[in-house]
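Undergrad: Here you go, upload.txt (compact mmCIF, C-alpha atoms):
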```txt
# COMPACT_ATOMS: atom_id res chain seq x y z
CA MET J 1 -60.97 168.49 126.19
CA GLN J 2 -60.04 167.84 129.81
CA PHE J 3 -60.05 164.04 129.68
CA ASN J 4 -57.84 161.59 127.79
CA SER J 5 -60.12 158.58 127.89
CA PHE J 6 -63.73 157.64 128.51
CA SER J 7 -62.97 155.92 131.81
CA GLU J 8 -61.15 159.03 132.98
CA PHE J 9 -64.26 161.03 132.09
CA ILE J 10 -66.49 158.67 134.09
CA ASN J 11 -64.08 158.74 137.01
CA MET J 12 -64.03 162.58 137.20
CA GLY J 13 -60.73 162.62 139.09
CA GLY J 14 -62.18 160.44 141.86
CA TYR J 15 -65.33 162.50 142.22
CA GLY J 16 -67.31 160.45 139.68
CA PHE J 17 -69.97 159.26 142.12
CA TYR J 18 -70.82 162.77 143.32
CA VAL J 19 -70.72 164.41 139.90
CA TRP J 20 -72.89 161.75 138.24
CA LEU J 21 -75.24 161.65 141.22
CA SER J 22 -75.83 165.38 140.76
CA PHE J 23 -76.24 165.28 136.99
CA GLY J 24 -78.33 162.10 137.15
CA ALA J 25 -80.70 163.38 139.83
CA ALA J 26 -81.18 166.67 137.98
CA ALA J 27 -81.82 164.89 134.67
CA LEU J 28 -84.29 162.49 136.29
CA ILE J 29 -86.29 165.19 138.07
CA LEU J 30 -86.40 167.47 135.02
CA ALA J 31 -87.32 164.65 132.63
CA PHE J 32 -90.17 163.58 134.91
CA LEU J 33 -91.42 167.16 135.25
CA LEU J 34 -91.21 167.80 131.51
CA ILE J 35 -92.95 164.58 130.50
CA SER J 36 -95.72 164.83 133.09
CA SER J 37 -96.37 168.47 132.17
CA LYS J 38 -96.58 167.57 128.49
CA ALA J 39 -98.81 164.54 129.09
CA GLY J 40 -101.12 166.64 131.24
CA HIS J 41 -102.42 168.44 128.16
CA GLN J 42 -103.96 165.38 126.53
CA LYS J 43 -105.18 164.17 129.91
CA ILE J 44 -107.14 167.37 130.53
CA ILE J 45 -108.59 167.32 127.00
CA THR J 46 -109.85 163.75 127.46
CA GLN J 47 -111.23 164.69 130.87
CA ILE J 48 -113.20 167.59 129.44
CA ALA J 49 -114.44 165.46 126.53
CA LYS J 50 -115.66 162.81 128.98
CA ARG J 51 -117.45 165.40 131.09
CA LYS J 52 -119.12 166.77 127.98
CA GLN J 53 -120.28 163.27 127.01
CA ARG J 54 -121.79 162.77 130.44
CA GLU J 55 -123.59 166.09 130.26
CA ASP J 56 -124.95 165.29 126.81
CA LYS J 57 -126.23 161.94 128.03
CA LEU J 58 -127.97 163.56 131.00
CA ARG J 59 -129.54 166.15 128.72
CA GLN J 60 -130.78 163.45 126.35
CA ALA J 61 -132.24 161.40 129.19
CA LYS J 62 -134.00 164.46 130.52
CA ALA J 63 -135.52 165.26 127.13
CA LEU J 64 -136.65 161.67 126.72
CA ARG J 65 -138.32 161.63 130.14
CA LYS J 66 -140.13 164.84 129.33
CA GLN J 67 -141.46 163.32 126.13
CA GLN J 68 -142.61 160.16 127.88
CA ASN J 69 -144.38 162.15 130.59
CA LYS J 70 -146.13 164.18 127.97
CA ALA J 71 -147.30 161.05 126.14
CA LEU J 72 -148.45 159.49 129.39
CA ASN J 73 -150.46 162.58 130.28
CA GLU J 74 -152.14 162.54 126.89
CA VAL J 75 -153.18 158.89 127.33
CA THR J 76 -154.64 159.40 130.79
CA GLU J 77 -156.56 162.43 129.65
CA MET K 1 -98.87 199.60 127.13
CA TRP K 2 -102.21 198.59 128.67
CA LYS K 3 -103.79 198.54 125.27
CA TRP K 4 -101.11 196.13 124.16
CA LEU K 5 -101.27 193.98 127.27
CA HIS K 6 -105.02 193.85 127.58
CA PRO K 7 -105.76 191.04 125.07
CA TYR K 8 -103.45 188.71 127.04
CA ALA K 9 -105.83 188.86 129.99
CA ASN K 10 -108.13 186.79 127.78
CA PRO K 11 -107.55 183.06 128.42
CA GLU K 12 -108.15 182.07 124.82
CA VAL K 13 -105.61 184.55 123.46
CA SER K 14 -103.08 183.53 126.12
CA TYR K 15 -103.59 179.86 125.35
CA HIS K 16 -102.87 180.30 121.65
CA PHE K 17 -99.96 182.64 122.33
CA THR K 18 -98.42 180.06 124.68
CA ASN K 19 -98.89 177.38 122.04
CA LYS K 20 -97.06 179.50 119.49
CA LEU K 21 -94.25 180.32 121.90
CA LEU K 22 -93.57 176.71 122.93
CA PRO K 23 -91.68 175.33 119.89
CA TRP K 24 -89.32 178.34 119.80
CA LEU K 25 -88.56 178.14 123.49
CA SER K 26 -88.03 174.38 123.28
CA VAL K 27 -85.52 174.61 120.44
CA LEU K 28 -83.60 177.43 122.13
CA ALA K 29 -83.55 175.55 125.45
CA ALA K 30 -82.24 172.39 123.76
CA VAL K 31 -79.49 174.32 121.95
CA PHE K 32 -78.28 176.27 124.98
CA LEU K 33 -78.48 173.32 127.35
CA SER K 34 -76.60 170.93 125.09
CA ILE K 35 -73.83 173.44 124.40
CA GLY K 36 -73.65 174.44 128.05
CA LEU K 37 -73.64 170.93 129.51
CA VAL K 38 -71.11 169.47 127.05
CA TRP K 39 -68.86 172.45 127.64
CA ALA K 40 -69.27 172.15 131.40
CA LEU K 41 -68.60 168.42 131.54
CA LEU K 42 -65.86 168.04 128.93
CA PHE K 43 -64.09 171.30 128.25
CA ALA K 44 -64.24 173.53 131.30
CA PRO K 45 -60.99 173.32 133.28
CA ALA K 46 -61.02 171.57 136.65
CA ASP K 47 -60.87 173.78 139.73
CA TYR K 48 -57.38 174.03 141.29
CA GLN K 49 -58.76 173.18 144.74
CA GLN K 50 -61.93 171.19 144.10
CA GLY K 51 -60.83 169.25 141.04
CA HIS K 52 -63.58 167.84 138.84
CA SER K 53 -66.18 167.94 141.64
CA PHE K 54 -66.47 171.60 140.71
CA ARG K 55 -68.52 170.57 137.66
CA ILE K 56 -71.53 170.14 139.97
CA PHE K 57 -71.48 173.95 140.10
CA TYR K 58 -72.94 174.10 136.57
CA ILE K 59 -76.18 172.53 137.77
CA HIS K 60 -76.20 173.59 141.40
CA VAL K 61 -75.90 177.35 140.91
CA PRO K 62 -78.44 177.75 138.06
CA ALA K 63 -80.90 175.51 139.94
CA ALA K 64 -80.49 177.46 143.18
CA SER K 65 -80.82 180.89 141.64
CA LEU K 66 -83.76 179.78 139.49
CA SER K 67 -85.47 178.35 142.57
CA MET K 68 -85.40 181.86 144.03
CA GLY K 69 -86.23 183.58 140.74
CA ILE K 70 -89.28 181.40 140.13
CA TYR K 71 -90.47 182.10 143.66
CA PHE K 72 -90.16 185.81 143.04
CA ALA K 73 -92.10 185.52 139.76
CA MET K 74 -94.75 183.47 141.54
CA ALA K 75 -95.02 186.16 144.21
CA VAL K 76 -95.51 188.86 141.55
CA ALA K 77 -98.26 186.73 139.98
CA ALA K 78 -99.88 186.09 143.37
CA PHE K 79 -99.78 189.80 144.16
CA SER K 80 -101.43 190.79 140.89
CA SER K 81 -104.04 188.10 141.37
CA LEU K 82 -104.88 189.30 144.89
CA VAL K 83 -104.87 193.02 144.03
CA TRP K 84 -106.28 193.15 140.49
CA GLN K 85 -108.05 189.78 140.50
CA LEU K 86 -106.40 188.62 137.31
CA LYS K 87 -107.51 185.03 136.96
CA LEU K 88 -104.68 184.20 134.60
CA ALA K 89 -102.17 185.32 137.21
CA ASP K 90 -103.50 182.56 139.48
CA ALA K 91 -103.14 180.05 136.67
CA SER K 92 -99.54 181.11 136.08
CA ALA K 93 -98.70 180.96 139.79
CA ALA K 94 -100.15 177.44 139.94
CA ALA K 95 -98.05 176.54 136.88
CA MET K 96 -94.85 177.87 138.43
CA ALA K 97 -95.03 176.21 141.86
CA PRO K 98 -94.13 172.62 140.84
CA VAL K 99 -91.30 173.88 138.62
CA GLY K 100 -89.87 175.94 141.46
CA ALA K 101 -90.17 173.02 143.86
CA SER K 102 -88.29 170.76 141.43
CA PHE K 103 -85.43 173.23 141.04
CA THR K 104 -85.22 173.69 144.79
CA ALA K 105 -84.99 169.92 145.18
CA ILE K 106 -82.26 169.80 142.53
CA ALA K 107 -80.33 172.58 144.29
CA LEU K 108 -80.54 170.69 147.59
CA ILE K 109 -79.56 167.30 146.13
CA THR K 110 -76.65 168.62 144.08
CA GLY K 111 -75.60 170.71 147.06
CA ALA K 112 -75.51 167.61 149.25
CA ALA K 113 -73.56 165.69 146.61
CA TRP K 114 -71.08 168.54 146.42
CA GLY K 115 -70.90 169.03 150.18
CA LYS K 116 -69.98 165.42 150.91
CA PRO K 117 -66.61 165.42 149.13
CA MET K 118 -65.79 169.09 149.88
CA TRP K 119 -67.04 169.62 153.44
CA GLY K 120 -67.17 166.00 154.53
CA THR K 121 -70.91 166.02 155.18
CA TRP K 122 -74.08 165.66 153.12
CA TRP K 123 -76.03 168.07 155.25
CA ILE K 124 -75.50 170.68 157.92
CA TRP K 125 -78.11 172.87 159.63
CA ASP K 126 -76.61 176.19 158.70
CA ALA K 127 -78.28 179.33 157.39
CA ARG K 128 -77.99 178.81 153.62
CA LEU K 129 -79.00 175.16 153.59
CA THR K 130 -81.80 175.52 156.11
CA SER K 131 -83.36 178.54 154.41
CA GLU K 132 -83.27 176.73 151.05
CA LEU K 133 -85.00 173.76 152.69
CA ILE K 134 -87.67 176.14 154.00
CA LEU K 135 -88.11 177.36 150.42
CA LEU K 136 -88.86 173.77 149.39
CA PHE K 137 -91.50 173.50 152.13
CA LEU K 138 -93.02 176.82 151.05
CA TYR K 139 -93.33 175.54 147.50
CA LEU K 140 -94.90 172.29 148.73
CA GLY K 141 -97.36 174.29 150.85
CA VAL K 142 -98.32 176.44 147.86
CA ILE K 143 -98.85 173.36 145.67
CA ALA K 144 -100.96 171.73 148.39
CA LEU K 145 -103.13 174.84 148.77
CA HIS K 146 -103.67 175.11 145.02
CA ASN K 147 -104.99 171.55 145.06
CA ALA K 148 -106.86 171.74 148.37
CA PHE K 149 -109.96 173.59 147.13
CA GLU K 150 -112.45 172.68 144.46
CA ASP K 151 -113.03 176.42 143.90
CA LYS K 152 -109.90 177.59 142.08
CA ASN K 153 -110.40 181.27 142.99
CA LEU K 154 -110.41 180.42 146.67
CA ALA K 155 -107.42 178.12 146.21
CA GLY K 156 -105.53 180.85 144.38
CA LYS K 157 -106.23 183.32 147.19
CA ALA K 158 -105.03 180.97 149.91
CA ALA K 159 -101.93 179.96 147.99
CA GLY K 160 -101.26 183.59 147.07
CA ILE K 161 -101.26 184.73 150.70
CA LEU K 162 -98.83 181.96 151.66
CA THR K 163 -96.64 182.91 148.68
CA LEU K 164 -96.51 186.56 149.72
CA VAL K 165 -95.73 185.75 153.35
CA GLY K 166 -92.96 183.42 152.19
CA VAL K 167 -91.24 186.15 150.15
CA ILE K 168 -89.39 187.12 153.34
CA ASN K 169 -87.38 183.92 152.90
CA ILE K 170 -85.86 185.02 149.58
CA PRO K 171 -83.52 187.77 150.88
CA ILE K 172 -82.67 185.50 153.80
CA ILE K 173 -81.44 182.82 151.39
CA LYS K 174 -79.65 185.35 149.22
CA TYR K 175 -77.74 187.10 152.01
CA SER K 176 -77.41 184.16 154.41
CA VAL K 177 -73.79 183.65 153.35
CA ASP K 178 -72.97 187.25 154.29
CA TRP K 179 -75.06 187.55 157.45
CA TRP K 180 -74.07 184.35 159.20
CA ASN K 181 -71.02 182.15 159.39
CA THR K 182 -71.66 179.22 157.17
CA LEU K 183 -69.81 176.44 155.44
CA HIS K 184 -71.35 177.56 152.19
CA GLN K 185 -69.04 179.67 150.07
CA GLY K 186 -69.96 183.21 149.05
CA SER K 187 -71.13 184.08 145.57
CA THR K 188 -68.65 183.89 142.74
CA VAL K 189 -70.74 184.75 139.71
CA SER K 190 -73.09 187.52 140.76
CA LYS K 191 -70.52 189.75 142.44
CA LEU K 192 -71.18 193.22 141.14
CA GLY K 193 -68.69 194.43 138.60
CA LYS K 194 -66.47 191.48 137.81
CA PRO K 195 -67.14 187.87 138.70
CA SER K 196 -64.28 186.19 140.52
CA MET K 197 -64.06 183.38 138.03
CA SER K 198 -61.88 182.80 135.02
CA LEU K 199 -63.60 183.27 131.68
CA ASP K 200 -63.18 179.69 130.46
CA MET K 201 -65.16 178.59 133.52
CA LEU K 202 -67.67 181.43 133.27
CA TRP K 203 -68.77 180.97 129.65
CA PRO K 204 -70.13 177.43 130.04
CA PHE K 205 -71.92 178.67 133.14
CA ILE K 206 -73.62 181.42 131.15
CA PHE K 207 -74.80 178.88 128.57
CA CYS K 208 -76.05 176.49 131.27
CA PHE K 209 -77.83 179.29 133.10
CA ILE K 210 -79.61 180.57 129.97
CA GLY K 211 -80.42 176.98 128.98
CA PHE K 212 -81.96 176.12 132.33
CA SER K 213 -83.91 179.39 132.34
CA LEU K 214 -85.33 178.57 128.91
CA LEU K 215 -86.21 175.07 130.10
CA VAL K 216 -88.07 176.64 133.02
CA GLY K 217 -89.92 178.76 130.46
CA VAL K 218 -90.86 175.67 128.44
CA ILE K 219 -92.17 173.74 131.43
CA ILE K 220 -94.08 176.72 132.81
CA CYS K 221 -95.70 177.27 129.38
CA LEU K 222 -96.72 173.61 129.23
CA ARG K 223 -98.27 173.76 132.69
CA PHE K 224 -99.83 177.18 132.13
CA ARG K 225 -101.60 175.81 129.06
CA ASN K 226 -103.02 172.93 131.13
CA GLU K 227 -104.14 175.28 133.89
CA ILE K 228 -105.97 177.51 131.41
CA LEU K 229 -107.85 174.53 129.93
CA ALA K 230 -108.74 173.09 133.33
CA ARG K 231 -110.01 176.44 134.63
CA ASN K 232 -112.07 177.27 131.53
CA SER K 233 -113.48 173.83 130.82
CA ILE K 234 -117.07 175.06 130.35
CA ARG K 235 -116.18 177.88 127.91
CA PRO K 236 -117.31 177.38 124.33
CA TRP K 237 -113.81 177.84 122.88
CA VAL K 238 -112.44 175.06 125.09
CA ARG K 239 -115.37 172.81 124.14
CA GLU K 240 -114.66 173.50 120.48
CA LEU K 241 -110.95 172.76 120.96
CA VAL K 242 -111.72 169.53 122.82
CA LYS K 243 -114.10 168.41 120.09
CA ASN K 244 -111.52 168.96 117.38
CA ASN K 245 -108.77 167.36 119.43
CA SER K 246 -110.51 164.17 120.55
CA SER K 247 -111.97 163.44 117.10
CA GLN K 248 -108.50 163.29 115.55
```
Go ahead and render the structure in this file as C-alpha cells.

TA:
Amino acid sequence: MQFNSFSEFINMGGYGFYVWLSFGAAALILAFLLISSKAGHQKIITQIAKRKQREDKLRQAKALRKQQNKALNEVTE
Amino acid sequence: MWKWLHPYANPEVSYHFTNKLLPWLSVLAAVFLSIGLVWALLFAPADYQQGHSFRIFYIHVPAASLSMGIYFAMAVAAFSSLVWQLKLADASAAAMAPVGASFTAIALITGAAWGKPMWGTWWIWDARLTSELILLFLYLGVIALHNAFEDKNLAGKAAGILTLVGVINIPIIKYSVDWWNTLHQGSTVSKLGKPSMSLDMLWPFIFCFIGFSLLVGVIICLRFRNEILARNSIRPWVRELVKNNSSQ
C-alpha cells in the first residue's frame, strides 16, 4: 500500500485532479458504451417485433379487402 | 481449417456463439480489470520523477495501444469484406468502430490530463498527439459512413475503403515518437527484449492491459450481436427469436 490515509489517496501527491480526471473520464465513457451496447439488443428486438406486427396488419387488411371485393363482385353479378 | 471456420460465416451460428462467449469474457474482464486497477491505484510504487501522476499510465497506455489494435482489426475485417464479400466481416467492422473511437477519446483525454502537470500544457500540435487525433476523426468518419446508407452492403463498402486508406495512419502513430522530435516520451513497455520498467510497475500494467482488452472483447461481442440481428431482421430464425423474446 502506497498511501497512509484515504485523504492522501484522494490527493495523489498533489496530482489528484489529473489522476481522477483521467480515471473518471475513462470510467464514464466505458460505462456509457457498455450500457448502450447492452441496451441495444432489446431495442433491436422490439424494433423487429414492431415491424413484424405492422407487416401482419397490412397482410390482414389486404386479405380482408380481397374478400370484400370478391363478395361485391358476386352481388353485382 | 476452412472446414472448421466455415460454419461461423453463418449469421445464426455466429450469433449463438457470441451469446455463449459473452458471460465468460465478462467475468474474465471484471476479474482482470479489478485486480489491475486496484493494484495500479493503491500498490504500484510512485514514479521517482512523475510521482503519483504516473498512475494515469495504467489507463492511457492500454487505451492508446488498443485504439490502434482495434483499428487494425477493423481494417482486416474491412479487407475481408471487400475481397471475399463476407457479410459478417462488415457487421464486425461496424461493431468495432464505436469501441475504437471511445478508446481513442480516452487516450486523448488521459493524455491531456497527464500532459498538463508534466509538460505544462493540455495539448500541443506535435506528431504523436496530432496523428492520434486524426485516428479519432477516421473512426468518426467510419461510423458516419456505416450509418449514412440504408443499404448496409453499400455502407460497409464505403466505410471499408475509408478504413483501408486510413491504415497508413497506424504506423505513423506508432513510430511518430522515433521519427520526429516530440514532447511525448518513447515507449517503455513494448521495447523489444526487456521493458525499461521495474517489475512492480509492470505487473499491474499487464493486468490492466489484459483487462481492457477483454472489456473491448465484451463490448464488441455485444455490438456484433446487435449488428447481426439488425442486418438479418427478415430471416426466419431472427423472427423466431424475436417472437420468443418479446412474449416473455

Undergrad: How far is it from CA of His146 in chain K to CA of Ala159 in chain K, in Å with one decimal?

TA: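 Answer for the CA of His146 in chain K to CA of Ala159 in chain K separation: 5.9 Å.
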
Undergrad: Tell me, in Å to one decimal, how far CA of Asn226 in chain K is from CA of Ala94 in chain K.

TA: 10.3 Å

Undergrad: Would you compute the distance between CA of Ala107 in chain K and CA of Asn19 in chain K? Give it in Å to one decimal.

TA: 29.4 Å

Undergrad: Could you list, as a compact mmCIF listing (two decimals) with C-alpha atoms, keeping the file's coordinate frame, every residue within 12 Å of Lys152 in chain K, counting all atoms listed in the file and ignoring same-chain residues fewer than 3 positions away?

TA:
```
# COMPACT_ATOMS: atom_id res chain seq x y z
CA LYS K 87 -107.51 185.03 136.96
CA LEU K 88 -104.68 184.20 134.60
CA ALA K 89 -102.17 185.32 137.21
CA ASP K 90 -103.50 182.56 139.48
CA ALA K 91 -103.14 180.05 136.67
CA ALA K 93 -98.70 180.96 139.79
CA ALA K 94 -100.15 177.44 139.94
CA LEU K 145 -103.13 174.84 148.77
CA HIS K 146 -103.67 175.11 145.02
CA ASN K 147 -104.99 171.55 145.06
CA ALA K 148 -106.86 171.74 148.37
CA PHE K 149 -109.96 173.59 147.13
CA ALA K 155 -107.42 178.12 146.21
CA GLY K 156 -105.53 180.85 144.38
CA LYS K 157 -106.23 183.32 147.19
CA ALA K 158 -105.03 180.97 149.91
CA ALA K 159 -101.93 179.96 147.99
CA GLY K 160 -101.26 183.59 147.07
CA GLU K 227 -104.14 175.28 133.89
CA ILE K 228 -105.97 177.51 131.41
CA ALA K 230 -108.74 173.09 133.33
CA ARG K 231 -110.01 176.44 134.63
CA ASN K 232 -112.07 177.27 131.53
```

Undergrad: May I have a table of the residues of chain J lying at most 7 Å from chain K, giving each one's closest pair of atoms and their distance in Å to one decimal, counting all atoms listed in the file, ordered by chain and ascending residue number, as CSV?

TA:
```
residue,atom,partner,partner_atom,distance
J:Met1,CA,K:Phe43,CA,4.7
J:Gln2,CA,K:Phe43,CA,5.6
J:Met12,CA,K:His52,CA,5.5
J:Gly13,CA,K:His52,CA,6.0
J:Tyr15,CA,K:Ser53,CA,5.5
J:Tyr18,CA,K:Ala113,CA,5.2
J:Val19,CA,K:Ile56,CA,5.8
J:Leu21,CA,K:Ala113,CA,6.9
J:Ser22,CA,K:Thr110,CA,4.7
J:Ala26,CA,K:Ile106,CA,5.6
J:Ile29,CA,K:Ser102,CA,6.8
J:Leu34,CA,K:Ile219,CA,6.0
J:Ser37,CA,K:Arg223,CA,5.6
J:Lys38,CA,K:Leu222,CA,6.1
J:Gly40,CA,K:Asn226,CA,6.6
J:His41,CA,K:Asn226,CA,5.4
J:Ile44,CA,K:Ala230,CA,6.6
J:Ile45,CA,K:Val242,CA,5.7
J:Thr46,CA,K:Ser246,CA,7.0
J:Ile48,CA,K:Ser233,CA,6.4
J:Ala49,CA,K:Val242,CA,6.1
```
